[in-house]
Structure formats: structure tokens, C-alpha cells
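Peer 1: Dropping in input_14.cif, which is mmCIF, C-alpha atoms and all ligand atoms:
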```cif
data_run
#
loop_
_atom_site.label_atom_id
_atom_site.label_comp_id
_atom_site.auth_asym_id
_atom_site.auth_seq_id
_atom_site.Cartn_x
_atom_site.Cartn_y
_atom_site.Cartn_z
CA MET L 4 -18.07 -32.82 -8.70
CA ASN L 5 -15.94 -34.97 -10.98
CA SER L 6 -12.80 -33.80 -9.25
CA SER L 7 -9.74 -35.91 -9.63
CA VAL L 8 -7.74 -33.95 -7.12
CA ASN L 9 -8.18 -36.35 -4.23
CA HIS L 10 -6.49 -39.24 -5.99
CA PRO L 11 -3.35 -40.56 -4.36
CA ALA L 12 -0.10 -39.79 -6.16
CA THR L 13 0.06 -43.02 -8.10
CA VAL L 14 1.51 -41.37 -11.18
CA GLU L 15 5.10 -40.20 -11.10
CA THR L 16 4.77 -37.39 -13.63
CA GLY L 17 7.90 -37.11 -15.71
CA ARG L 18 10.68 -36.49 -13.23
CA LEU L 19 8.51 -34.28 -11.08
CA LEU L 20 8.76 -34.99 -7.39
CA SER L 21 5.16 -34.23 -6.49
CA PRO L 22 4.22 -33.90 -2.85
CA PRO L 23 2.50 -37.04 -1.52
CA GLY L 24 -1.20 -36.97 -2.41
CA PHE L 25 -0.58 -34.62 -5.32
CA ASP L 26 -1.14 -35.95 -8.83
CA VAL L 27 -0.43 -33.25 -11.39
CA GLU L 28 -1.64 -35.30 -14.36
CA ALA L 29 -4.98 -35.92 -12.66
CA ILE L 30 -5.20 -32.20 -11.92
CA ARG L 31 -4.41 -31.33 -15.54
CA ARG L 32 -7.35 -33.46 -16.69
CA ASP L 33 -9.61 -30.99 -14.87
CA PHE L 34 -8.32 -28.11 -17.06
CA PRO L 35 -9.73 -28.52 -20.59
CA ILE L 36 -7.86 -25.52 -22.00
CA LEU L 37 -4.45 -27.05 -21.27
CA HIS L 38 -5.01 -29.86 -23.78
CA GLN L 39 -4.45 -28.14 -27.09
CA GLN L 40 -1.75 -27.55 -29.65
CA ILE L 41 -0.39 -24.06 -30.28
CA ASN L 42 1.57 -23.62 -33.51
CA GLY L 43 1.99 -27.38 -33.73
CA TYR L 44 3.28 -27.83 -30.17
CA PRO L 45 1.46 -28.83 -27.00
CA LEU L 46 0.48 -25.69 -25.10
CA ALA L 47 2.85 -24.91 -22.22
CA TYR L 48 0.93 -22.27 -20.29
CA LEU L 49 3.48 -20.39 -18.18
CA ASP L 50 1.57 -17.13 -17.70
CA SER L 51 -0.49 -17.79 -14.59
CA ALA L 52 0.67 -14.59 -12.89
CA ALA L 53 -1.28 -12.71 -15.56
CA SER L 54 -4.27 -15.04 -15.21
CA THR L 55 -4.65 -18.65 -14.16
CA GLN L 56 -6.73 -21.17 -16.10
CA ARG L 57 -10.00 -22.65 -14.82
CA PRO L 58 -10.87 -26.24 -13.97
CA ILE L 59 -14.05 -27.78 -15.37
CA GLN L 60 -15.62 -27.57 -11.89
CA VAL L 61 -15.52 -23.76 -12.11
CA ILE L 62 -16.78 -23.68 -15.70
CA ASP L 63 -19.61 -26.06 -14.72
CA ALA L 64 -20.57 -23.98 -11.69
CA ILE L 65 -21.01 -20.89 -13.88
CA SER L 66 -22.89 -22.83 -16.53
CA ARG L 67 -25.13 -24.47 -13.88
CA TYR L 68 -25.87 -21.08 -12.36
CA TYR L 69 -27.01 -19.60 -15.68
CA THR L 70 -28.83 -22.78 -16.72
CA HIS L 71 -30.81 -23.26 -13.50
CA ASP L 72 -30.50 -20.54 -10.90
CA HIS L 73 -30.12 -17.03 -12.30
CA ALA L 74 -32.13 -14.10 -10.94
CA ASN L 75 -31.17 -10.90 -9.15
CA VAL L 76 -29.97 -11.18 -5.55
CA HIS L 77 -31.14 -9.75 -2.20
CA ARG L 78 -34.49 -8.53 -3.48
CA GLY L 79 -36.78 -11.21 -4.81
CA VAL L 80 -39.42 -13.19 -3.02
CA HIS L 81 -39.33 -15.88 -5.67
CA THR L 82 -37.40 -19.13 -5.66
CA LEU L 83 -34.77 -18.26 -8.25
CA SER L 84 -33.88 -15.06 -6.45
CA HIS L 85 -33.45 -17.01 -3.22
CA ARG L 86 -31.25 -19.55 -5.00
CA ALA L 87 -29.11 -16.85 -6.62
CA THR L 88 -28.76 -15.11 -3.24
CA ASP L 89 -27.76 -18.39 -1.59
CA ILE L 90 -25.10 -18.98 -4.27
CA TYR L 91 -23.77 -15.43 -4.01
CA GLU L 92 -23.68 -15.41 -0.20
CA GLY L 93 -22.38 -18.98 -0.17
CA ALA L 94 -19.39 -17.80 -2.20
CA ARG L 95 -18.81 -15.04 0.32
CA GLU L 96 -18.72 -17.65 3.09
CA SER L 97 -16.31 -19.81 1.05
CA VAL L 98 -13.98 -16.84 0.59
CA ARG L 99 -14.27 -15.94 4.30
CA SER L 100 -13.29 -19.40 5.33
CA PHE L 101 -10.51 -19.63 2.69
CA ILE L 102 -8.69 -16.62 4.16
CA ASN L 103 -9.92 -17.24 7.73
CA ALA L 104 -11.68 -13.90 8.15
CA ARG L 105 -13.79 -13.61 11.30
CA SER L 106 -17.02 -12.71 9.54
CA THR L 107 -18.61 -12.47 6.08
CA ARG L 108 -19.16 -8.79 6.95
CA GLU L 109 -15.43 -8.45 6.28
CA ILE L 110 -15.62 -9.76 2.68
CA VAL L 111 -16.51 -7.11 0.11
CA PHE L 112 -16.84 -8.34 -3.46
CA THR L 113 -15.18 -6.06 -6.01
CA ARG L 114 -14.20 -6.39 -9.68
CA GLY L 115 -10.75 -7.54 -8.59
CA THR L 116 -7.59 -6.40 -6.85
CA THR L 117 -7.50 -3.11 -8.73
CA GLU L 118 -11.00 -2.13 -7.63
CA ALA L 119 -10.35 -3.33 -4.07
CA ILE L 120 -7.37 -0.98 -3.76
CA ASN L 121 -9.27 1.87 -5.43
CA LEU L 122 -12.11 1.30 -2.95
CA VAL L 123 -9.74 1.85 -0.02
CA ALA L 124 -8.14 4.87 -1.69
CA ALA L 125 -11.55 6.42 -2.38
CA THR L 126 -13.05 5.80 1.08
CA LEU L 127 -10.25 5.79 3.65
CA GLY L 128 -8.63 8.44 1.45
CA GLN L 129 -11.55 10.83 2.07
CA ARG L 130 -10.39 11.56 5.60
CA LEU L 131 -6.75 12.23 4.72
CA THR L 132 -5.41 15.76 4.54
CA ALA L 133 -2.47 17.49 2.90
CA GLY L 134 0.81 16.23 4.28
CA ASP L 135 -0.55 12.82 5.32
CA GLU L 136 1.54 9.97 3.91
CA ILE L 137 0.91 6.62 2.23
CA LEU L 138 3.84 4.20 2.28
CA ILE L 139 4.27 1.66 -0.53
CA SER L 140 7.30 -0.25 -1.85
CA ALA L 141 9.37 0.01 -5.02
CA MET L 142 8.07 -3.36 -6.27
CA GLU L 143 4.37 -2.53 -6.56
CA HIS L 144 2.08 -3.27 -9.50
CA HIS L 145 0.60 -0.10 -11.04
CA SER L 146 -2.69 -0.95 -9.25
CA ASN L 147 -1.00 -0.27 -5.94
CA ILE L 148 0.69 2.93 -7.11
CA VAL L 149 -1.68 4.91 -9.32
CA PRO L 150 -4.73 4.98 -6.97
CA TRP L 151 -2.44 6.53 -4.32
CA GLN L 152 -0.98 9.01 -6.80
CA MET L 153 -4.52 10.04 -7.72
CA LEU L 154 -5.29 10.48 -4.01
CA CYS L 155 -2.16 12.63 -3.68
CA GLU L 156 -3.42 14.84 -6.52
CA ARG L 157 -6.83 15.21 -4.86
CA LYS L 158 -5.72 15.65 -1.28
CA GLY L 159 -2.12 16.77 -1.24
CA THR L 160 -1.09 13.54 0.49
CA ILE L 161 2.46 12.31 -0.04
CA LEU L 162 3.48 8.95 -1.47
CA ARG L 163 6.57 7.43 0.16
CA VAL L 164 8.33 4.49 -1.46
CA ALA L 165 10.41 1.93 0.45
CA PRO L 166 13.40 0.86 -1.69
CA ILE L 167 14.47 -2.63 -2.76
CA ASN L 168 17.94 -4.14 -3.26
CA ASP L 169 19.51 -5.62 -6.41
CA GLN L 170 18.01 -9.02 -5.62
CA GLY L 171 14.53 -7.48 -5.55
CA GLU L 172 14.09 -7.68 -1.77
CA LEU L 173 12.50 -4.99 0.34
CA LEU L 174 15.05 -3.08 2.42
CA PHE L 175 13.27 -3.59 5.71
CA ASP L 176 15.33 -1.07 7.69
CA GLU L 177 14.62 1.60 5.09
CA PHE L 178 10.93 0.66 5.18
CA GLU L 179 10.86 1.09 8.96
CA LYS L 180 12.59 4.47 8.74
CA LEU L 181 9.75 5.66 6.49
CA LEU L 182 7.05 4.84 9.07
CA GLY L 183 6.43 8.34 10.37
CA LYS L 184 3.99 10.43 12.38
CA ARG L 185 2.08 11.33 9.21
CA THR L 186 1.93 7.79 7.75
CA ARG L 187 -1.76 6.93 7.48
CA LEU L 188 -1.52 3.62 5.60
CA VAL L 189 1.05 1.07 4.45
CA ALA L 190 0.02 -0.53 1.13
CA ILE L 191 2.34 -3.28 0.01
CA THR L 192 2.35 -6.37 -2.14
CA HIS L 193 2.53 -9.84 -0.64
CA VAL L 194 4.34 -11.19 -3.73
CA SER L 195 5.86 -9.12 -6.54
CA ASN L 196 4.39 -9.99 -9.94
CA ALA L 197 7.50 -8.82 -11.81
CA LEU L 198 10.22 -10.26 -9.56
CA GLY L 199 8.54 -13.05 -7.62
CA SER L 200 9.85 -11.69 -4.30
CA VAL L 201 7.77 -12.68 -1.29
CA ASN L 202 7.62 -9.83 1.20
CA PRO L 203 7.90 -10.45 4.96
CA VAL L 204 4.33 -9.29 5.41
CA ARG L 205 3.96 -10.42 9.04
CA GLU L 206 6.97 -8.33 10.07
CA ILE L 207 5.78 -5.40 7.93
CA ILE L 208 2.35 -5.49 9.55
CA ALA L 209 3.74 -5.84 13.09
CA SER L 210 6.11 -2.96 12.51
CA ALA L 211 3.39 -0.68 11.08
CA HIS L 212 1.00 -1.62 13.87
CA ALA L 213 3.63 -0.70 16.46
CA HIS L 214 3.20 2.83 15.07
CA GLY L 215 -0.61 2.52 14.97
CA ILE L 216 -0.64 2.42 11.15
CA PRO L 217 -3.08 0.15 9.26
CA VAL L 218 -1.77 -2.10 6.47
CA LEU L 219 -3.27 -3.07 3.12
CA ILE L 220 -1.77 -6.17 1.50
CA ASP L 221 -2.04 -6.60 -2.27
CA GLY L 222 -2.54 -10.36 -2.36
CA ALA L 223 -3.06 -10.74 -6.13
CA GLN L 224 0.02 -12.93 -6.56
CA ALA L 225 -0.17 -14.77 -3.25
CA ILE L 226 -3.76 -15.89 -2.87
CA ALA L 227 -3.54 -18.97 -5.13
CA HIS L 228 0.00 -19.97 -4.22
CA GLN L 229 0.17 -20.27 -0.43
CA SER L 230 -2.36 -20.39 2.37
CA VAL L 231 -3.40 -16.94 3.51
CA ASP L 232 -4.78 -16.39 7.00
CA VAL L 233 -5.79 -12.77 7.52
CA GLN L 234 -6.12 -13.23 11.28
CA ALA L 235 -2.65 -14.75 11.62
CA LEU L 236 -1.22 -11.99 9.38
CA ASP L 237 -3.19 -9.41 11.39
CA CYS L 238 -3.57 -7.26 8.25
CA ASP L 239 -6.24 -4.58 8.01
CA PHE L 240 -7.03 -5.03 4.31
CA TYR L 241 -6.22 -7.86 1.91
CA ALA L 242 -7.03 -7.48 -1.82
CA PHE L 243 -7.18 -10.21 -4.46
CA SER L 244 -8.63 -11.22 -7.85
CA SER L 245 -10.64 -14.33 -8.67
CA HIS L 246 -9.05 -14.77 -12.12
CA LYS L 247 -5.64 -15.32 -10.52
CA MET L 248 -7.05 -18.16 -8.40
CA CYS L 249 -8.78 -20.30 -11.06
CA GLY L 250 -12.03 -18.32 -10.86
CA PRO L 251 -13.72 -16.10 -13.42
CA THR L 252 -12.59 -12.62 -14.45
CA GLY L 253 -14.48 -9.54 -13.28
CA ILE L 254 -14.70 -10.43 -9.59
CA GLY L 255 -12.39 -10.34 -6.62
CA ALA L 256 -12.54 -9.31 -3.02
CA LEU L 257 -11.41 -6.87 -0.42
CA TYR L 258 -11.02 -8.29 3.06
CA GLY L 259 -11.25 -5.51 5.62
CA ARG L 260 -11.11 -5.69 9.39
CA GLU L 261 -14.71 -5.13 10.44
CA ALA L 262 -14.02 -2.29 12.89
CA LEU L 263 -12.12 -0.42 10.17
CA LEU L 264 -14.67 -1.11 7.40
CA GLU L 265 -17.36 0.27 9.74
CA THR L 266 -15.58 3.62 9.75
CA LEU L 267 -15.40 3.91 5.94
CA PRO L 268 -17.88 6.10 4.09
CA PRO L 269 -19.81 4.46 1.22
CA TYR L 270 -17.78 3.80 -1.95
CA GLN L 271 -20.38 4.01 -4.74
CA GLY L 272 -24.04 4.95 -4.42
CA GLY L 273 -26.95 2.94 -5.80
CA GLY L 274 -29.11 -0.08 -5.15
CA ASP L 275 -28.29 -2.65 -2.47
CA MET L 276 -26.02 -0.29 -0.50
CA ILE L 277 -28.97 1.56 1.10
CA LEU L 278 -31.61 0.79 3.70
CA THR L 279 -33.95 3.70 2.93
CA VAL L 280 -33.86 6.48 0.36
CA SER L 281 -35.91 9.66 0.46
CA PHE L 282 -35.27 13.16 -0.78
CA SER L 283 -34.86 14.27 2.80
CA GLY L 284 -32.01 11.81 3.36
CA THR L 285 -30.75 8.29 2.78
CA THR L 286 -29.64 5.64 5.23
CA TYR L 287 -26.99 3.11 4.33
CA ASN L 288 -27.03 -0.66 4.53
CA GLU L 289 -24.89 -2.73 6.88
CA LEU L 290 -21.57 -4.34 5.94
CA PRO L 291 -20.60 -5.66 3.50
CA TYR L 292 -23.55 -4.47 1.34
CA ARG L 293 -22.87 -0.80 2.12
CA LEU L 294 -19.71 -1.14 0.01
CA GLU L 295 -21.31 -3.14 -2.86
CA ALA L 296 -23.61 -0.88 -4.89
CA GLY L 297 -25.64 -2.28 -7.79
CA THR L 298 -26.28 -5.78 -9.11
CA PRO L 299 -23.10 -7.73 -8.46
CA HIS L 300 -21.27 -10.32 -10.56
CA ILE L 301 -23.40 -13.22 -9.31
CA ALA L 302 -22.16 -15.75 -11.86
CA GLY L 303 -18.64 -14.63 -11.02
CA ALA L 304 -19.29 -15.38 -7.36
CA ALA L 305 -20.65 -18.82 -8.31
CA GLY L 306 -17.40 -19.50 -10.16
CA LEU L 307 -15.21 -18.02 -7.44
CA GLY L 308 -16.90 -20.19 -4.81
CA ALA L 309 -16.18 -23.27 -6.94
CA ALA L 310 -12.58 -22.12 -7.44
CA VAL L 311 -12.04 -21.80 -3.70
CA ASP L 312 -13.49 -25.29 -3.16
CA TYR L 313 -11.17 -26.62 -5.85
CA LEU L 314 -8.03 -25.00 -4.43
CA ARG L 315 -8.89 -26.32 -0.97
CA GLN L 316 -9.25 -29.83 -2.34
CA VAL L 317 -5.87 -29.66 -4.04
CA GLY L 318 -4.50 -28.25 -0.79
CA MET L 319 -2.63 -24.97 -0.46
CA ASP L 320 0.41 -26.67 1.07
CA ASN L 321 0.59 -29.10 -1.87
CA ILE L 322 0.32 -26.17 -4.26
CA ALA L 323 3.10 -24.26 -2.49
CA SER L 324 5.51 -27.21 -2.48
CA HIS L 325 4.82 -28.21 -6.10
CA GLU L 326 5.37 -24.64 -7.28
CA ALA L 327 8.53 -24.27 -5.17
CA GLU L 328 9.86 -27.37 -6.92
CA LEU L 329 9.05 -25.90 -10.35
CA LEU L 330 10.67 -22.59 -9.39
CA THR L 331 13.95 -24.27 -8.39
CA TYR L 332 13.95 -26.41 -11.51
CA ALA L 333 13.26 -23.45 -13.84
CA SER L 334 15.71 -21.10 -12.11
CA ASN L 335 18.53 -23.66 -12.40
CA ALA L 336 17.77 -24.46 -16.03
CA LEU L 337 17.47 -20.80 -17.04
CA SER L 338 20.68 -19.77 -15.23
CA ALA L 339 22.58 -22.40 -17.21
CA LEU L 340 21.67 -20.78 -20.55
CA PRO L 341 24.37 -18.57 -22.14
CA GLY L 342 23.70 -14.82 -21.95
CA LEU L 343 20.64 -15.18 -19.73
CA GLN L 344 20.19 -13.04 -16.61
CA LEU L 345 17.54 -13.61 -14.00
CA VAL L 346 15.88 -10.42 -12.78
CA GLY L 347 14.73 -10.93 -9.19
CA THR L 348 16.77 -13.36 -7.16
CA ALA L 349 15.28 -12.82 -3.70
CA ALA L 350 15.97 -15.50 -1.09
CA HIS L 351 12.24 -15.97 -0.64
CA LYS L 352 10.46 -16.25 -3.99
CA ALA L 353 7.15 -17.45 -5.41
CA GLY L 354 6.73 -19.20 -8.79
CA VAL L 355 7.70 -16.28 -11.01
CA VAL L 356 10.93 -16.10 -13.04
CA SER L 357 11.75 -12.88 -14.87
CA PHE L 358 14.74 -12.87 -17.17
CA ASN L 359 16.54 -11.16 -20.03
CA VAL L 360 18.65 -12.68 -22.78
CA ASP L 361 21.62 -10.72 -24.19
CA GLY L 362 20.81 -9.15 -27.55
CA ILE L 363 17.16 -10.29 -27.66
CA HIS L 364 14.27 -7.98 -26.80
CA PRO L 365 11.84 -9.56 -24.30
CA HIS L 366 9.02 -9.30 -26.85
CA ASP L 367 11.09 -11.31 -29.35
CA VAL L 368 11.71 -13.91 -26.64
CA GLY L 369 7.94 -14.07 -26.11
CA THR L 370 7.24 -14.40 -29.83
CA VAL L 371 9.77 -17.20 -30.38
CA LEU L 372 8.41 -19.06 -27.35
CA ASP L 373 4.84 -18.70 -28.65
CA GLN L 374 5.96 -20.21 -31.96
CA HIS L 375 6.94 -23.23 -29.86
CA GLY L 376 3.68 -23.41 -27.92
CA VAL L 377 5.02 -21.69 -24.80
CA ALA L 378 2.95 -18.85 -23.31
CA ILE L 379 4.88 -16.35 -21.19
CA ARG L 380 4.48 -12.60 -20.65
CA ALA L 381 6.97 -10.06 -21.97
CA GLY L 382 7.24 -6.37 -21.12
CA HIS L 383 7.06 -4.25 -17.98
CA HIS L 384 4.34 -6.37 -16.30
CA CYS L 385 2.48 -3.24 -15.15
CA ALA L 386 5.40 -2.55 -12.83
CA MET L 387 7.32 0.14 -14.73
CA PRO L 388 9.07 1.49 -11.60
CA VAL L 389 10.57 -2.00 -11.07
CA MET L 390 11.98 -1.93 -14.60
CA GLU L 391 13.33 1.58 -13.97
CA ARG L 392 14.97 0.35 -10.74
CA PHE L 393 16.82 -2.35 -12.70
CA GLY L 394 17.53 -0.06 -15.68
CA ILE L 395 15.79 -2.32 -18.20
CA PRO L 396 12.80 -1.80 -20.51
CA GLY L 397 11.18 -5.07 -19.55
CA THR L 398 11.68 -8.77 -18.99
CA ALA L 399 10.43 -12.09 -20.24
CA ARG L 400 8.47 -13.71 -17.42
CA ALA L 401 7.44 -17.31 -16.87
CA SER L 402 5.02 -17.88 -14.01
CA PHE L 403 3.77 -21.14 -12.59
CA ALA L 404 0.66 -22.66 -11.14
CA PHE L 405 0.02 -26.06 -9.57
CA TYR L 406 -1.03 -27.53 -12.95
CA ASN L 407 2.39 -26.91 -14.52
CA THR L 408 5.02 -29.61 -15.06
CA ARG L 409 8.76 -29.89 -15.54
CA ALA L 410 8.08 -31.00 -19.10
CA GLU L 411 6.59 -27.57 -19.84
CA ILE L 412 9.67 -25.88 -18.42
CA ASP L 413 11.85 -28.15 -20.60
CA GLN L 414 9.80 -27.05 -23.61
CA MET L 415 10.51 -23.41 -22.73
CA ILE L 416 14.23 -24.07 -22.26
CA ASP L 417 14.47 -25.88 -25.64
CA ALA L 418 12.75 -22.95 -27.38
CA LEU L 419 15.02 -20.47 -25.60
CA ARG L 420 18.12 -22.38 -26.77
CA LEU L 421 16.80 -22.02 -30.29
CA ALA L 422 16.11 -18.29 -29.83
CA ILE L 423 19.65 -17.76 -28.52
CA ARG L 424 21.07 -19.53 -31.61
CA MET L 425 18.74 -17.60 -33.97
CA PHE L 426 19.70 -14.19 -32.60
CA ALA L 427 23.41 -14.96 -32.08
N1 LIG N 501 -1.42 -6.47 -7.93
C1 LIG N 501 -0.53 -7.38 -8.38
C2 LIG N 501 0.64 -7.76 -7.52
C3 LIG N 501 -0.72 -7.98 -9.64
O1 LIG N 501 0.15 -8.88 -10.07
C4 LIG N 501 -1.84 -7.60 -10.42
C5 LIG N 501 -2.07 -8.13 -11.81
C6 LIG N 501 -2.74 -6.67 -9.88
C7 LIG N 501 -2.49 -6.12 -8.65
C8 LIG N 501 -3.97 -6.25 -10.61
O2 LIG N 501 -4.89 -7.29 -10.64
P1 LIG N 501 -6.27 -7.16 -11.44
O3 LIG N 501 -6.83 -8.52 -11.40
O4 LIG N 501 -7.11 -6.16 -10.70
O5 LIG N 501 -5.92 -6.70 -12.82
N2 LIG N 501 -0.91 -8.63 -12.41
C9 LIG N 501 -0.77 -8.97 -13.71
C10 LIG N 501 0.40 -9.52 -14.22
O6 LIG N 501 1.40 -9.74 -13.56
N3 LIG N 501 0.26 -9.74 -15.53
O7 LIG N 501 -0.98 -9.39 -15.89
C11 LIG N 501 -1.63 -8.90 -14.76
#
```
Please express the file's structure as C-alpha cells.

Peer 2:
Amino acid sequence: MNSSVNHPATVETGRLLSPPGFDVEAIRRDFPILHQQINGYPLAYLDSAASTQRPIQVIDAISRYYTHDHANVHRGVHTLSHRATDIYEGARESVRSFINARSTREIVFTRGTTEAINLVAATLGQRLTAGDEILISAMEHHSNIVPWQMLCERKGTILRVAPINDQGELLFDEFEKLLGKRTRLVAITHVSNALGSVNPVREIIASAHAHGIPVLIDGAQAIAHQSVDVQALDCDFYAFSSHKMCGPTGIGALYGREALLETLPPYQGGGDMILTVSFSGTTYNELPYRLEAGTPHIAGAAGLGAAVDYLRQVGMDNIASHEAELLTYASNALSALPGLQLVGTAAHKAGVVSFNVDGIHPHDVGTVLDQHGVAIRAGHHCAMPVMERFGIPGTARASFAFYNTRAEIDQMIDALRLAIRMFA
């Protein structure tokens, strides 16, 4: 591993006050994609909430897997199949340890957060009946809304939505009032992708558990930005995507408490999820394989394992403090611009800043920024109910990762000043 992440913080990067032991320039050297010009400007990649970039260690792990080790898993007697199985199961162990799950039986590989939530809706959902309730919040991504709406259509279950305030914070009292006798699951995001709000997930889980209700946490926007300990949280399910944590696309995981996963019926049928098949009946495999039908994304797992190793080397606490610093810097600089409103001003926020500029459509903001090398996302961010709550069609959104710098935020602010002058 040619990692440069263990270097002491000898470089004071711009005016960035990096945490001790954290050298952002050394980290950036691990990310080949960051070193390019876009429209004549250095790329400022401020769209990590949509997808993070990958360090060379992850790219190399995937390339090494396909160059030396590829075969199908869990079935071969030959050497390559054993190697591929070791890599795939090794990644499961890395993920287990990263989130401090008790056992690898609790780590189910999926295509990502979306599939992880759909898996729970399709399996746990089978035993729900008309009138049972699922409780979500008003700040969910479509992935944590639509699977439940589809379940409601199939089963006659009812979707309850805990409201948020004008800052984009969950109204905890209102949430608690909605925990009822028919609530069968709370499904709530750890961090809002559109607003950046960090939910008080420990309190949410404790409160739901006091009523005997299991909790699914959508961890898509949290997993790469703070340390996550599923045992300390005491959650029942935790869903996340590899591509939002420096790993490849097309893979992610569902953590599930083993005792609860054991009660779930199979999700999809096919190879790997069975022990025996005959026309007189089929027996299912043990966890987690029972919930992973078919040939999995083995190369994806190789990359995800490398991504987890990389994040651990950088250190989740370093990542959280560096990003908190960027968030404060960006929020202050944006608030000082004329006609700019921040959308989402929760007291506890992650590295996401959503905003609107008077008289400029968010898509035009995005286009002008792209002309200046700055990548942000514009639109509803797959959270249309959030936009409806704030009475806006969309926002411009900058989102940060540990490889971002203050200089990139300055580049965005300069381009925004220009946009404001252009559209004035
Ligand atoms: N949940 C949250 C909170 C998200 O932010 C996203 C993706 C998902 C679920 C779905 O993840 P997937 O990997 O299964 O697609 N969020 C975003 C975003 O903010 N911009 O692009 C994708």
C-alpha cells in the first residue's frame, strides 16, 4: 500500500487548520481524479454526498483482483475460487469491524443503501398487515420513502411522517407522539442528504425500543463522515453504500441484528442462498448467505474492503473534525454573499450546505460553478418532500469529504460572486 495517510501533519495546507496527524495534501495525492482541470480551472469536487471519489488503493485493489484472483465465490475447489472467496469474505470482516457489528452473519452485501432498505421492506414487510404503521421523518431520501409506500400499496400499511422545523431539525416530541401501538418499524436517516442535519439517532433508537419497535437507520450520508458503532447505537438495521465511502459503485451493505435477520424470510431466490433444492422442497442457507442470492459483486467487495482500510488509516475522528472545519468555513462564507439563503441550519450538521441565491435557479448556479471547475449538485437531491416542506423547487448543494480544502471552497465562493453579478 503506497498510502500517504499516516504522514504527520508537516504541511499546513493553505489556511486549513488540519487536525494533528492529518495531512490533506498527502491524502489528495492518493486521489488521481482530483488532479485535473475542468473548463480551464482546477477541479473543485464538492459533490461527495452524491458520490465520493476513490483513492488509488481502492482502484488498485479492484485491478489486482481482476488481474490475479478472479473466480466465482463459495463454490470452487480450485485456488482462484478460494482466493476470490477469501477476498469477498475478508471484505465482510472489514465492514463488520468498521461498524463494530458482533458477527459477519450480520453483514449482508447489497447493491447499496437503496437495495438494503428494499430488502427490509420486502422481507420484514411480508409479516405486516393492514393498519400496521411504518414511521419515517420528513427529511428522508426517496430511497427511504418509496419502498415503504410500495409496501403500503401491497399490504395496506400506513406511512407516518415525523415533521421537521424550519432549521431542518427533527421535532423529537412530535416523533415520539407518533410511536404507537401499531408502529412496526422506525426507518430514519442518520444524516439528511439535502439539509445536512444530523439526527439524534441514539435517542430515536432508545425511544423506539422503549415501545418495543425496531429501528432502521439510513446511514448513506453518515458512514464515511463519522465513526459508526452499531452496538453503541443499538440499532436493528443500518444501511449504507460503498460509493459514498470511497469504494466502488454497485455494492453496499445492510447490517442487521442477528436475532432479527434470523426471523426474516429469504429476499431473492437463486444460487448461494440455498442448502438443498429439490422439487419436493428447498432448504435455505444460513446467514448472511440466505439473503444474498446469486453471484455477488466480488470486485466491488475487494474495493469496499480497501476503502474501509483506507478510511480507518485516515481515522474517522480526523475526518469528522476536518469536515466540521470545512462546514463552518463554507457556511460563514456563503452567508456573507448578498441574496444567498442557506437551506438547513440545524445545530448539529454534517458537511453538506444547501443554498439558494435570489433570482438564480439552482441549475444555473450549478452550471456557472461548473464553468469555473466547481462540481456541486443542483435540484431536489432525491428528497422532493424536503423541498416541498421549504416551499422551494430545489437547492444548490455543496458537500464535503476529507480530501476537500478551503481553497476549493474559496473557488466556489469566487464563482458564486460572479454568478450573482451576472444575474443581477
Ligand atoms: N439515503 C440517503 C440519505 C442518500 O443520501 C442516498 C443517496 C441514498 C439513501 C441512496 O443511496 P444509493 O447509493 O442506494 O443510491 N444520495 C444521493 C445524493 O444526495 N445525491 O445523489 C445521491

Peer 1: Around ligand LIG 501 (chain N), at most 6 Å away and counting only C-alpha atoms and all ligand atoms, which residues are there? Put them as a compact mmCIF listing (two decimals) with C-alpha atoms, keeping the file's coordinate frame, please.

Peer 2:
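As a result, result-v1.txt now contains:
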```
# COMPACT_ATOMS: atom_id res chain seq x y z
CA ALA L 52 0.67 -14.59 -12.89
CA ALA L 53 -1.28 -12.71 -15.56
CA GLY L 115 -10.75 -7.54 -8.59
CA THR L 116 -7.59 -6.40 -6.85
CA THR L 117 -7.50 -3.11 -8.73
CA HIS L 144 2.08 -3.27 -9.50
CA SER L 146 -2.69 -0.95 -9.25
CA THR L 192 2.35 -6.37 -2.14
CA SER L 195 5.86 -9.12 -6.54
CA ASN L 196 4.39 -9.99 -9.94
CA ASP L 221 -2.04 -6.60 -2.27
CA ALA L 223 -3.06 -10.74 -6.13
CA GLN L 224 0.02 -12.93 -6.56
CA SER L 244 -8.63 -11.22 -7.85
CA HIS L 384 4.34 -6.37 -16.30
```

Peer 1: Taking into account all atoms listed in the file, which residue in the set L:Glu143, L:Glu179, L:Glu295, L:Glu136 is nearest to Ser210 (chain L)?

Peer 2: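 Under the stated criterion, the closest residue is L:Glu179.
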
Peer 1: Neighbours of Asp275 (chain L) within 8 Å (all atoms listed in the file; same-chain residues fewer than 4 positions away dropped), as a PDB file with C-alpha atoms, keeping the file's coordinate frame?

Peer 2:
```pdb
ATOM      1  CA  HIS L  77     -31.140  -9.750  -2.200  1.00  0.00           C
ATOM      2  CA  ASN L 288     -27.030  -0.660   4.530  1.00  0.00           C
ATOM      3  CA  TYR L 292     -23.550  -4.470   1.340  1.00  0.00           C
ATOM      4  CA  ARG L 293     -22.870  -0.800   2.120  1.00  0.00           C
ATOM      5  CA  GLU L 295     -21.310  -3.140  -2.860  1.00  0.00           C
ATOM      6  CA  ALA L 296     -23.610  -0.880  -4.890  1.00  0.00           C
ATOM      7  CA  GLY L 297     -25.640  -2.280  -7.790  1.00  0.00           C
ATOM      8  CA  THR L 298     -26.280  -5.780  -9.110  1.00  0.00           C
TER       9      THR L 298
END
```

Peer 1: For Ser66 (chain L), which of L:Ile363, L:Gly306, L:Ala401, L:Leu37 is the closest residue, counting all atoms listed in the file?

Peer 2: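 Comparing L:Ile363, L:Gly306, L:Ala401, L:Leu37 against Ser66 (chain L), the winner is L:Gly306.
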
Peer 1: Rank nothing, just name the residue among L:His81, L:Arg392, L:Lys158, L:Arg114 nearest to Thr132 (chain L), using all atoms listed in the file.

Peer 2: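 Closest residue, counting all atoms listed in the file: L:Lys158.
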
Peer 1: Scan for residues within 12 Å of the point (0.8, 4.5, 6.7) in the coordinates of the file, using all atoms listed in the file, and reply as a count of residues only.

Peer 2: 44

Peer 1: Which polymer residues have any atom within 12 Å of an atom of region 34-36 of chain L, counting all atoms listed in the file, with same-chain residues fewer than 5 positions away left out, as an MDAnalysis selection string?

Peer 2: chainID L and resid 5:8 27:29 41 45:48 55:63 249 313 405:407

Peer 1: List the spatial neighbours of Gly93 (chain L) as JSON, numbers by chain - criterion: any atom at most 12 Å away, all atoms listed in the file, same-chain residues fewer than 5 positions off excluded.

Peer 2: {"L": [85, 86, 87, 88, 98, 99, 100, 107, 110, 301, 304, 305, 306, 307, 308, 309, 311, 312]}

Peer 1: Please, what distance in Å, to one decimal, runs between CA of Asp232 (chain L) and CA of Glu265 (chain L)?

Peer 2: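 Atom-to-atom, CA of Asp232 (chain L) to CA of Glu265 (chain L), that is 21.1 Å.
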
Peer 1: Using only C-alpha atoms, can you tell me which of L:Ala349, L:Ala378, L:Met276, L:Ile322 comes closest to Asn202 (chain L)?

Peer 2: L:Ala349

Peer 1: Using all atoms listed in the file, which residues sit within 8 Å of Val356 (chain L) once same-chain residues fewer than 6 positions away are excluded, as an MDAnalysis selection string?

Peer 2: chainID L and resid 198:199 330 333:334 345:347 400:402
